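Asker: Below is the structure I would like to discuss, written out as structure tokens.
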Amino acid sequence: MQYRTQRTIEFHHTDEAGICHFSTFFLLMESVEHEFLRSLGTSVITYREGQKIGFPRLSTACDFSSPVRFEDVVDITLRVDRLGTKSITYGFTFTHQEKLVARGRIAAVCCLSDPGKPLKPIAIPADFAAKISSAQELSDAKSE
């Protein structure tokens, strides 16, 4: 399953040489994840039975292949690489003018996020998982 979007590299994304700073890719991955979830009618933070549920990060990574600069338009593809019982892993591909720029990954765990209490991993709510699975089935059908 793939979700595609674009971002323009803004001045505040760059270093003194005008090249997109490595840390920006992590912000872009998270922004695209949130956009993807909103497109499914959900969010990275939800509430169930009065309890706040979120998806804190287990791990993130990004490997860089080619620089992008101020005002370049970057195509970003999000894939759901794994939808587990309690966690989800997204893969990201960044391209500019069809040239690979970077590949990234975010793994997040579904947790109760009650104020003043430690995060508690829980099963991903069924409706959330169904929306992800439905998007994946739709994407798979389009690619056939």
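Every chain in the structure tokens takes a letter, A first, then B, and so on in the order presented; its residues are numbered from 1, and the ligands are numbered from 1 following the presented order.
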Select from chain A everything DSSP, run on the backbone, classes as alpha helix (DSSP H), then give the selection as a short mmCIF file (atom, residue, chain, number, x, y, z; two decimals) with C-alpha atoms, in the first residue's frame.

Answerer:
```cif
data_model
loop_
_atom_site.label_atom_id
_atom_site.label_comp_id
_atom_site.auth_asym_id
_atom_site.auth_seq_id
_atom_site.Cartn_x
_atom_site.Cartn_y
_atom_site.Cartn_z
CA PHE A 22 19.13 15.75 7.48
CA SER A 23 16.81 16.40 10.45
CA THR A 24 14.15 17.77 8.10
CA PHE A 25 13.58 14.32 6.65
CA PHE A 26 12.38 13.06 10.04
CA LEU A 27 9.94 15.98 10.30
CA LEU A 28 8.73 15.32 6.76
CA MET A 29 8.19 11.61 7.47
CA GLU A 30 6.10 12.43 10.51
CA SER A 31 4.14 15.10 8.61
CA VAL A 32 3.36 12.66 5.79
CA GLU A 33 2.34 9.97 8.30
CA HIS A 34 -0.15 12.42 9.85
CA GLU A 35 -1.45 13.44 6.42
CA PHE A 36 -1.90 9.76 5.50
CA LEU A 37 -3.85 9.04 8.68
CA ARG A 38 -6.05 12.12 8.19
CA SER A 39 -6.80 10.88 4.65
CA ALA A 126 -9.76 -2.57 15.53
CA ASP A 127 -11.26 0.40 13.67
CA PHE A 128 -7.82 2.00 13.22
CA ALA A 129 -6.31 -1.27 11.96
CA ALA A 130 -9.30 -1.77 9.63
CA LYS A 131 -8.74 1.64 8.04
CA ILE A 132 -5.07 0.83 7.43
CA SER A 133 -5.95 -2.62 6.05
CA SER A 134 -8.71 -1.18 3.87
CA ALA A 135 -6.29 1.37 2.38
CA GLN A 136 -3.82 -1.43 1.73
CA GLU A 137 -6.44 -3.60 -0.01
CA LEU A 138 -7.55 -0.64 -2.15
CA SER A 139 -3.94 0.10 -3.12
CA ASP A 140 -3.26 -3.56 -3.92
CA ALA A 141 -6.37 -3.71 -6.13
CA LYS A 142 -5.28 -0.59 -8.07
CA SER A 143 -1.84 -2.06 -8.77
#
```

Asker: List as a list in words the protein and nucleic acid residues near Lys117 of chain A, meaning an atom at most 12 Å away when only C-alpha atoms are counted, but skip any in the same chain fewer than 5 places from it.

Answerer: Gln51, Lys52, Cys111 and Leu112 of chain A

Asker: Nearest residue to Gly50 of chain A out of A:Pro121, A:Ser113, A:Ile88, A:Gln97, using only C-alpha atoms?

Answerer: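 Answer, going by the shortest atom-to-atom distance: A:Ser113.
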
Asker: Could you give me, as a ChimeraX atom specification, the residues within 6 Å of segment 3-18 of chain A, counting only C-alpha atoms and dropping anything in the same chain fewer than 6 positions from it?

Answerer: /A:24,69-78

Asker: Residues as selected, C-alpha atoms, written as an mmCIF file, in the first residue's frame, can you do that?

Answerer:
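Written out: part.cif:
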```
data_model
loop_
_atom_site.group_PDB
_atom_site.id
_atom_site.type_symbol
_atom_site.label_atom_id
_atom_site.label_comp_id
_atom_site.auth_asym_id
_atom_site.auth_seq_id
_atom_site.Cartn_x
_atom_site.Cartn_y
_atom_site.Cartn_z
ATOM 1 C CA THR A 24 14.154 17.774 8.096
ATOM 2 C CA ARG A 69 17.841 22.253 -2.035
ATOM 3 C CA PHE A 70 15.682 25.233 -1.133
ATOM 4 C CA GLU A 71 12.476 25.299 -3.247
ATOM 5 C CA ASP A 72 12.976 21.798 -4.689
ATOM 6 C CA VAL A 73 9.734 19.818 -4.789
ATOM 7 C CA VAL A 74 10.177 16.385 -3.258
ATOM 8 C CA ASP A 75 7.877 13.472 -4.021
ATOM 9 C CA ILE A 76 7.294 11.342 -0.919
ATOM 10 C CA THR A 77 5.835 7.851 -0.881
ATOM 11 C CA LEU A 78 4.658 6.266 2.376
#
```

Asker: Pick the closest to Leu119 of chain A from A:Met1, A:Ile53, A:Ala61, A:Leu83: which is it, counting only C-alpha atoms?

Answerer: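 Closest to Leu119 of chain A of all the choices is A:Ile53.
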
Asker: Any idea what's packed within 6 Å of Gly54 of chain A, counting only C-alpha atoms, ignoring anything in its chain fewer than 4 positions away? Could you give it as a ChimeraX atom specification?

Answerer: /A:44-45,110-111

Asker: Report, in Å to a single decimal, how far apart atom CA of Leu40 of chain A and atom CA of Val109 of chain A are.

Answerer: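 Going from atom CA of Val109 of chain A over to atom CA of Leu40 of chain A covers 18.6 Å.
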
Asker: Suppose you want the space between atom CA of Arg82 of chain A and atom CA of Ser66 of chain A; what is it in Å?

Answerer: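 Between atom CA of Arg82 of chain A and atom CA of Ser66 of chain A the gap works out to 26.6 Å.
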
Asker: Measure the distance from atom CA of Ile124 of chain A to atom CA of Ser87 of chain A in Å and round it to one decimal.

Answerer: 7.1 Å

Asker: Quick one: of A:Val101, A:Ile106, A:Asp114, A:Pro67, who's nearest to Thr89 of chain A, counting only C-alpha atoms?

Answerer: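 Looking only at the distances to Thr89 of chain A, the closest residue turns out to be A:Ile106.
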
Asker: Taking only C-alpha atoms into account, which of A:Leu100, A:Cys20, A:Ile122, A:Val80 comes nearest Pro56 of chain A?

Answerer: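 Nearest to Pro56 of chain A: A:Ile122.
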